[in-house]
Amino acid sequence: MSSDISESGTTKPPMMKLYDWPTGPYPARVRIALAEKGLRSRIDFVTVDLWKGEHKKPEFLARNYSGTLPVLELDDGTLIAECTAITEYLDALDGDPTLTGRTARDKGVIHMMSRRVELELLDAVSVYFHHATPGLGPDVEVYQNPEWGFRQRDKALRSMGYFNDRLKDQSFVAGEAFSMADITLIGGLIFADLVQLPIPVEYEALHAWYARMQERPSVRYRVTMSDRTEAPA
Ligand SMILES: N[C@@H](CCC(=O)N[C@@H](CS)C(=O)NCC(=O)O)C(=O)O
């Protein structure tokens with residue numbers, strides 16, 4: 001692997017490719033992590049058009065068997081799919097800030113909470129989108145089960161109550177520090193918003209936390225960060 005030396009003398013990681021879709025809720029998780037870690041300049045963004053089903057074509061499936069975005073490609077050709085795995089890889093490149101925890105306890109709690117967001121909210125909203133709405137259109141959505149989709153929608157809405165309760169007692173999803181678990185919940189709420197499942201007004205703690213998250217430059221500029229002329233460093 002090649003790397004280069006920045007003006008401050010620290011070694012910068014080699015260039016990587018990110019196969020993604022600028023407005024996608026899952027790609028947002030990696031875009032936010034990249035910005036938080038100050039790694040945006042190390043990435044060549046490669047757009048894969050979900051609406052044209054490019055992620056289900058053999059060329060892309062050869063990169064990710066699951067046919068989903070995002071995928072990170074390292075300079076030695078190693079392919080890392082799954083947002084959690086990508087975030088853990090990026091976090092391991094450089095210690096500051098830490099998104100996946102420093103201590104064994106923090107790593108365990110952050111992973112648990114991030115997975116809980118996936119299981120209860122983000123992936124549930126995704127199932128709702130793909131099964132109970134037109135999703136990505138008939139060419140991509142070759143099997144739909146609306147009943148399953150609506151059950152997952154209800155599960156996702158219920159989970160907002162759980163996350164609201166957590167955020168009454170603590171500043172962030174996994175405790176008192178911003179982490180991967182917050183990024184996963186941001187991804188879930190981006191997706192929920194796209195499919196018109198707003199946070200119920202009575203979940204004040206969740207609303208307040210989300211308003212704070214949207215002030216972070218990593219969240220605010222996530223869509224435009226692939227345009228090098230617009231995004232802040
Ligand atoms: N478990 C995967 C899920 C990724 C995922 O569902 N990505 C969306 C992009 S927003 C996707 O590719 N959807 C297209 C499809 O499922 O057809 C991860 O965490 O990376």
# chains A, B, ... in the order shown; residues from 1 in each chain; ligands from 1
>>> residues_near_ligand(ligand="ligand 1", cutoff="7 Å", atoms="only C-alpha atoms and all ligand atoms", output="PyMOL selection string")
chain A and resi 24-27+50+55+67-70+81-84+126+140
>>> select_by_dssp(residues="region 5-230 of chain A", states="strand (DSSP E or B)", output="ChimeraX atom specification")
/A:5,11-12,16-20,43-47,71-73,79-81,172,175
>>> write_last_selection(atoms="C-alpha atoms", output="PDB file, in the first residue's frame")
ATOM      1  CA  ILE A   5       3.161  12.541   3.982  1.00  0.00           C
ATOM      2  CA  THR A  11       1.291   9.923   7.234  1.00  0.00           C
ATOM      3  CA  LYS A  12      -1.944  10.198   5.310  1.00  0.00           C
ATOM      4  CA  MET A  16      -9.467   4.799  -1.531  1.00  0.00           C
ATOM      5  CA  LYS A  17     -12.576   4.510  -3.700  1.00  0.00           C
ATOM      6  CA  LEU A  18     -16.077   4.731  -2.282  1.00  0.00           C
ATOM      7  CA  TYR A  19     -18.851   3.272  -4.413  1.00  0.00           C
ATOM      8  CA  ASP A  20     -21.945   5.097  -3.257  1.00  0.00           C
ATOM      9  CA  ILE A  43     -11.591   9.305  -1.234  1.00  0.00           C
ATOM     10  CA  ASP A  44     -12.479   9.054  -4.905  1.00  0.00           C
ATOM     11  CA  PHE A  45     -16.265   8.863  -5.001  1.00  0.00           C
ATOM     12  CA  VAL A  46     -17.745   6.515  -7.614  1.00  0.00           C
ATOM     13  CA  THR A  47     -21.474   6.962  -8.170  1.00  0.00           C
ATOM     14  CA  VAL A  71     -18.468  -0.326  -0.769  1.00  0.00           C
ATOM     15  CA  LEU A  72     -14.977   0.887   0.069  1.00  0.00           C
ATOM     16  CA  GLU A  73     -12.115  -0.213  -2.191  1.00  0.00           C
ATOM     17  CA  LEU A  79     -13.238  -4.515  -0.941  1.00  0.00           C
ATOM     18  CA  ILE A  80     -15.079  -3.694   2.285  1.00  0.00           C
ATOM     19  CA  ALA A  81     -18.883  -3.581   2.220  1.00  0.00           C
ATOM     20  CA  PHE A 172     -25.778  10.596  22.584  1.00  0.00           C
ATOM     21  CA  GLY A 175     -23.686   7.462  26.146  1.00  0.00           C
TER      22      GLY A 175
END
>>> closest_residue(among="A:Gln170, A:Thr133, A:Thr100, A:Gln144", to="Ala33 (chain A)", atoms="only C-alpha atoms")
A:Thr100
>>> residues_around(residues="Glu202 (chain A)", least_positions_apart="3", cutoff="12 Å", atoms="only C-alpha atoms", output="VMD selection string")
chain A and resid 160 to 161 164 to 165 198 to 199 205 to 208
>>> atom_distance(atom1="CA of Trp148 (chain A)", atom2="CA of Asp123 (chain A)")
12.6 Å
>>> residues_around(residues="Gly137 (chain A)", least_positions_apart="5", cutoff="12 Å", atoms="only C-alpha atoms", output="PyMOL selection string")
chain A and resi 50-53+129-132+142-144
>>> write_last_selection(atoms="N, CA and C atoms", output="PDB file, in the first residue's frame")
ATOM      1  N   LEU A  50     -28.579   3.842  -8.138  1.00  0.00           N
ATOM      2  CA  LEU A  50     -29.553   2.884  -7.586  1.00  0.00           C
ATOM      3  C   LEU A  50     -30.828   2.840  -8.421  1.00  0.00           C
ATOM      4  N   TRP A  51     -31.251   3.997  -8.908  1.00  0.00           N
ATOM      5  CA  TRP A  51     -32.533   4.061  -9.640  1.00  0.00           C
ATOM      6  C   TRP A  51     -32.447   3.355 -10.980  1.00  0.00           C
ATOM      7  N   LYS A  52     -31.221   3.234 -11.512  1.00  0.00           N
ATOM      8  CA  LYS A  52     -31.052   2.467 -12.757  1.00  0.00           C
ATOM      9  C   LYS A  52     -30.707   1.009 -12.447  1.00  0.00           C
ATOM     10  N   GLY A  53     -30.649   0.667 -11.170  1.00  0.00           N
ATOM     11  CA  GLY A  53     -30.346  -0.717 -10.790  1.00  0.00           C
ATOM     12  C   GLY A  53     -28.906  -1.124 -11.060  1.00  0.00           C
ATOM     13  N   PHE A 129     -39.582   0.506   2.697  1.00  0.00           N
ATOM     14  CA  PHE A 129     -39.390   1.162   1.397  1.00  0.00           C
ATOM     15  C   PHE A 129     -39.427   0.150   0.247  1.00  0.00           C
ATOM     16  N   HIS A 130     -38.694  -0.965   0.421  1.00  0.00           N
ATOM     17  CA  HIS A 130     -38.586  -1.925  -0.689  1.00  0.00           C
ATOM     18  C   HIS A 130     -39.837  -2.791  -0.865  1.00  0.00           C
ATOM     19  N   HIS A 131     -40.622  -2.977   0.228  1.00  0.00           N
ATOM     20  CA  HIS A 131     -41.761  -3.900   0.136  1.00  0.00           C
ATOM     21  C   HIS A 131     -43.129  -3.238   0.086  1.00  0.00           C
ATOM     22  N   ALA A 132     -43.265  -2.069   0.706  1.00  0.00           N
ATOM     23  CA  ALA A 132     -44.613  -1.485   0.819  1.00  0.00           C
ATOM     24  C   ALA A 132     -44.746  -0.155   0.094  1.00  0.00           C
ATOM     25  N   VAL A 142     -38.053  -6.900  -7.576  1.00  0.00           N
ATOM     26  CA  VAL A 142     -38.631  -8.048  -8.275  1.00  0.00           C
ATOM     27  C   VAL A 142     -39.530  -8.886  -7.366  1.00  0.00           C
ATOM     28  N   TYR A 143     -39.403  -8.728  -6.049  1.00  0.00           N
ATOM     29  CA  TYR A 143     -40.314  -9.407  -5.121  1.00  0.00           C
ATOM     30  C   TYR A 143     -40.715  -8.409  -4.047  1.00  0.00           C
ATOM     31  N   GLN A 144     -42.007  -8.236  -3.831  1.00  0.00           N
ATOM     32  CA  GLN A 144     -42.472  -7.344  -2.772  1.00  0.00           C
ATOM     33  C   GLN A 144     -43.508  -8.053  -1.916  1.00  0.00           C
TER      34      GLN A 144
END
>>> closest_residue(among="A:Asp139, A:Asp169, A:Asp182, A:Glu176", to="Glu54 (chain A)", atoms="only C-alpha atoms")
A:Asp139
>>> select_by_dssp(residues="region 7-230 of chain A", states="alpha helix (DSSP H)", output="PyMOL selection string")
chain A and resi 25-37+58-61+83-93+104-117+123-132+146-169+180-194+204-214+217-220
>>> write_last_selection(atoms="C-alpha atoms", output="mmCIF file, in the first residue's frame")
data_model
loop_
_atom_site.group_PDB
_atom_site.id
_atom_site.type_symbol
_atom_site.label_atom_id
_atom_site.label_comp_id
_atom_site.auth_asym_id
_atom_site.auth_seq_id
_atom_site.Cartn_x
_atom_site.Cartn_y
_atom_site.Cartn_z
ATOM 1 C CA PRO A 25 -29.166 6.814 3.766
ATOM 2 C CA TYR A 26 -26.565 4.026 4.130
ATOM 3 C CA PRO A 27 -23.886 5.855 2.107
ATOM 4 C CA ALA A 28 -24.633 8.842 4.365
ATOM 5 C CA ARG A 29 -23.283 6.826 7.295
ATOM 6 C CA VAL A 30 -19.901 6.411 5.643
ATOM 7 C CA ARG A 31 -19.833 9.975 4.304
ATOM 8 C CA ILE A 32 -20.450 11.303 7.833
ATOM 9 C CA ALA A 33 -17.764 9.016 9.273
ATOM 10 C CA LEU A 34 -15.282 10.166 6.612
ATOM 11 C CA ALA A 35 -15.954 13.817 7.394
ATOM 12 C CA GLU A 36 -15.733 13.277 11.156
ATOM 13 C CA LYS A 37 -12.372 11.509 10.662
ATOM 14 C CA PRO A 58 -22.854 -8.356 -12.540
ATOM 15 C CA GLU A 59 -20.054 -5.787 -12.582
ATOM 16 C CA PHE A 60 -21.139 -4.375 -9.225
ATOM 17 C CA LEU A 61 -22.146 -7.742 -7.737
ATOM 18 C CA CYS A 83 -21.356 0.431 6.823
ATOM 19 C CA THR A 84 -20.309 -0.908 10.212
ATOM 20 C CA ALA A 85 -17.284 -2.710 8.778
ATOM 21 C CA ILE A 86 -16.295 0.343 6.721
ATOM 22 C CA THR A 87 -16.624 2.643 9.733
ATOM 23 C CA GLU A 88 -14.550 0.284 11.869
ATOM 24 C CA TYR A 89 -11.876 0.187 9.168
ATOM 25 C CA LEU A 90 -11.762 4.000 8.873
ATOM 26 C CA ASP A 91 -11.661 4.342 12.648
ATOM 27 C CA ALA A 92 -8.715 1.971 12.865
ATOM 28 C CA LEU A 93 -6.703 4.098 10.402
ATOM 29 C CA ALA A 104 -13.521 -2.627 25.519
ATOM 30 C CA ARG A 105 -16.667 -1.414 27.302
ATOM 31 C CA ASP A 106 -17.223 1.490 24.926
ATOM 32 C CA LYS A 107 -16.600 -0.660 21.855
ATOM 33 C CA GLY A 108 -19.186 -3.172 23.102
ATOM 34 C CA VAL A 109 -21.839 -0.580 23.929
ATOM 35 C CA ILE A 110 -21.357 1.390 20.694
ATOM 36 C CA HIS A 111 -21.538 -1.730 18.523
ATOM 37 C CA MET A 112 -24.650 -2.922 20.394
ATOM 38 C CA MET A 113 -26.449 0.409 20.040
ATOM 39 C CA SER A 114 -25.500 0.815 16.381
ATOM 40 C CA ARG A 115 -26.756 -2.690 15.640
ATOM 41 C CA ARG A 116 -29.921 -1.966 17.611
ATOM 42 C CA VAL A 117 -30.563 1.099 15.445
ATOM 43 C CA ASP A 123 -33.169 -1.766 8.235
ATOM 44 C CA ALA A 124 -36.889 -1.776 9.135
ATOM 45 C CA VAL A 125 -37.436 1.467 7.208
ATOM 46 C CA SER A 126 -35.498 -0.060 4.330
ATOM 47 C CA VAL A 127 -37.783 -3.110 4.275
ATOM 48 C CA TYR A 128 -40.812 -0.803 4.352
ATOM 49 C CA PHE A 129 -39.390 1.162 1.397
ATOM 50 C CA HIS A 130 -38.586 -1.925 -0.689
ATOM 51 C CA HIS A 131 -41.761 -3.900 0.136
ATOM 52 C CA ALA A 132 -44.613 -1.485 0.819
ATOM 53 C CA PRO A 146 -46.387 -5.294 1.432
ATOM 54 C CA GLU A 147 -47.668 -6.899 4.660
ATOM 55 C CA TRP A 148 -44.086 -7.495 5.791
ATOM 56 C CA GLY A 149 -43.206 -3.957 4.745
ATOM 57 C CA PHE A 150 -45.980 -2.385 6.819
ATOM 58 C CA ARG A 151 -45.034 -4.467 9.869
ATOM 59 C CA GLN A 152 -41.485 -3.186 9.549
ATOM 60 C CA ARG A 153 -42.770 0.393 9.211
ATOM 61 C CA ASP A 154 -44.649 0.000 12.520
ATOM 62 C CA LYS A 155 -41.565 -1.523 14.156
ATOM 63 C CA ALA A 156 -39.469 1.433 12.996
ATOM 64 C CA LEU A 157 -41.955 3.965 14.372
ATOM 65 C CA ARG A 158 -42.075 2.101 17.715
ATOM 66 C CA SER A 159 -38.310 2.174 17.956
ATOM 67 C CA MET A 160 -38.320 5.979 17.724
ATOM 68 C CA GLY A 161 -40.012 5.915 21.152
ATOM 69 C CA TYR A 162 -37.222 3.743 22.527
ATOM 70 C CA PHE A 163 -34.468 6.012 21.176
ATOM 71 C CA ASN A 164 -36.365 9.046 22.468
ATOM 72 C CA ASP A 165 -36.336 7.513 25.968
ATOM 73 C CA ARG A 166 -32.602 6.801 25.771
ATOM 74 C CA LEU A 167 -31.889 10.369 24.719
ATOM 75 C CA LYS A 168 -33.806 11.785 27.703
ATOM 76 C CA ASP A 169 -31.067 10.453 29.975
ATOM 77 C CA MET A 180 -20.987 5.337 15.203
ATOM 78 C CA ALA A 181 -24.316 4.638 16.966
ATOM 79 C CA ASP A 182 -25.344 8.280 16.451
ATOM 80 C CA ILE A 183 -24.333 8.059 12.794
ATOM 81 C CA THR A 184 -26.475 4.949 12.351
ATOM 82 C CA LEU A 185 -29.477 6.676 13.916
ATOM 83 C CA ILE A 186 -28.919 9.704 11.665
ATOM 84 C CA GLY A 187 -28.980 7.294 8.685
ATOM 85 C CA GLY A 188 -32.220 5.785 9.984
ATOM 86 C CA LEU A 189 -33.889 9.171 10.339
ATOM 87 C CA ILE A 190 -32.669 10.308 6.907
ATOM 88 C CA PHE A 191 -34.322 7.210 5.443
ATOM 89 C CA ALA A 192 -37.476 7.689 7.550
ATOM 90 C CA ASP A 193 -37.734 11.255 6.266
ATOM 91 C CA LEU A 194 -37.292 10.115 2.631
ATOM 92 C CA GLU A 204 -38.967 15.797 22.085
ATOM 93 C CA ALA A 205 -35.626 14.342 23.150
ATOM 94 C CA LEU A 206 -35.191 12.640 19.784
ATOM 95 C CA HIS A 207 -36.111 15.853 17.959
ATOM 96 C CA ALA A 208 -33.648 17.873 20.060
ATOM 97 C CA TRP A 209 -30.833 15.359 19.513
ATOM 98 C CA TYR A 210 -31.516 15.287 15.738
ATOM 99 C CA ALA A 211 -31.472 19.084 15.549
ATOM 100 C CA ARG A 212 -28.051 19.037 17.278
ATOM 101 C CA MET A 213 -26.794 16.358 14.879
ATOM 102 C CA GLN A 214 -27.872 18.392 11.850
ATOM 103 C CA PRO A 217 -20.738 19.903 9.332
ATOM 104 C CA SER A 218 -20.302 16.160 8.670
ATOM 105 C CA VAL A 219 -24.081 15.773 8.571
ATOM 106 C CA ARG A 220 -24.943 19.081 6.941
#
>>> decode(residues="region 151-219 of chain A", atoms="C-alpha atoms", output="mmCIF file, in the first residue's frame")
data_model
loop_
_atom_site.group_PDB
_atom_site.id
_atom_site.type_symbol
_atom_site.label_atom_id
_atom_site.label_comp_id
_atom_site.auth_asym_id
_atom_site.auth_seq_id
_atom_site.Cartn_x
_atom_site.Cartn_y
_atom_site.Cartn_z
ATOM 1 C CA ARG A 151 -45.034 -4.467 9.869
ATOM 2 C CA GLN A 152 -41.485 -3.186 9.549
ATOM 3 C CA ARG A 153 -42.770 0.393 9.211
ATOM 4 C CA ASP A 154 -44.649 0.000 12.520
ATOM 5 C CA LYS A 155 -41.565 -1.523 14.156
ATOM 6 C CA ALA A 156 -39.469 1.433 12.996
ATOM 7 C CA LEU A 157 -41.955 3.965 14.372
ATOM 8 C CA ARG A 158 -42.075 2.101 17.715
ATOM 9 C CA SER A 159 -38.310 2.174 17.956
ATOM 10 C CA MET A 160 -38.320 5.979 17.724
ATOM 11 C CA GLY A 161 -40.012 5.915 21.152
ATOM 12 C CA TYR A 162 -37.222 3.743 22.527
ATOM 13 C CA PHE A 163 -34.468 6.012 21.176
ATOM 14 C CA ASN A 164 -36.365 9.046 22.468
ATOM 15 C CA ASP A 165 -36.336 7.513 25.968
ATOM 16 C CA ARG A 166 -32.602 6.801 25.771
ATOM 17 C CA LEU A 167 -31.889 10.369 24.719
ATOM 18 C CA LYS A 168 -33.806 11.785 27.703
ATOM 19 C CA ASP A 169 -31.067 10.453 29.975
ATOM 20 C CA GLN A 170 -27.934 10.772 27.865
ATOM 21 C CA SER A 171 -26.525 13.166 25.275
ATOM 22 C CA PHE A 172 -25.778 10.596 22.584
ATOM 23 C CA VAL A 173 -27.132 7.212 21.506
ATOM 24 C CA ALA A 174 -24.397 5.166 23.200
ATOM 25 C CA GLY A 175 -23.686 7.462 26.146
ATOM 26 C CA GLU A 176 -21.978 10.810 26.555
ATOM 27 C CA ALA A 177 -19.855 10.879 23.380
ATOM 28 C CA PHE A 178 -20.719 11.098 19.688
ATOM 29 C CA SER A 179 -20.163 7.700 18.053
ATOM 30 C CA MET A 180 -20.987 5.337 15.203
ATOM 31 C CA ALA A 181 -24.316 4.638 16.966
ATOM 32 C CA ASP A 182 -25.344 8.280 16.451
ATOM 33 C CA ILE A 183 -24.333 8.059 12.794
ATOM 34 C CA THR A 184 -26.475 4.949 12.351
ATOM 35 C CA LEU A 185 -29.477 6.676 13.916
ATOM 36 C CA ILE A 186 -28.919 9.704 11.665
ATOM 37 C CA GLY A 187 -28.980 7.294 8.685
ATOM 38 C CA GLY A 188 -32.220 5.785 9.984
ATOM 39 C CA LEU A 189 -33.889 9.171 10.339
ATOM 40 C CA ILE A 190 -32.669 10.308 6.907
ATOM 41 C CA PHE A 191 -34.322 7.210 5.443
ATOM 42 C CA ALA A 192 -37.476 7.689 7.550
ATOM 43 C CA ASP A 193 -37.734 11.255 6.266
ATOM 44 C CA LEU A 194 -37.292 10.115 2.631
ATOM 45 C CA VAL A 195 -40.237 7.728 2.969
ATOM 46 C CA GLN A 196 -42.337 10.236 4.919
ATOM 47 C CA LEU A 197 -42.198 8.626 8.340
ATOM 48 C CA PRO A 198 -41.555 11.738 10.445
ATOM 49 C CA ILE A 199 -40.522 11.554 14.095
ATOM 50 C CA PRO A 200 -43.734 11.934 16.150
ATOM 51 C CA VAL A 201 -43.882 15.443 17.695
ATOM 52 C CA GLU A 202 -44.094 14.090 21.237
ATOM 53 C CA TYR A 203 -40.599 12.567 20.989
ATOM 54 C CA GLU A 204 -38.967 15.797 22.085
ATOM 55 C CA ALA A 205 -35.626 14.342 23.150
ATOM 56 C CA LEU A 206 -35.191 12.640 19.784
ATOM 57 C CA HIS A 207 -36.111 15.853 17.959
ATOM 58 C CA ALA A 208 -33.648 17.873 20.060
ATOM 59 C CA TRP A 209 -30.833 15.359 19.513
ATOM 60 C CA TYR A 210 -31.516 15.287 15.738
ATOM 61 C CA ALA A 211 -31.472 19.084 15.549
ATOM 62 C CA ARG A 212 -28.051 19.037 17.278
ATOM 63 C CA MET A 213 -26.794 16.358 14.879
ATOM 64 C CA GLN A 214 -27.872 18.392 11.850
ATOM 65 C CA GLU A 215 -25.645 21.239 13.006
ATOM 66 C CA ARG A 216 -22.547 19.052 12.605
ATOM 67 C CA PRO A 217 -20.738 19.903 9.332
ATOM 68 C CA SER A 218 -20.302 16.160 8.670
ATOM 69 C CA VAL A 219 -24.081 15.773 8.571
#
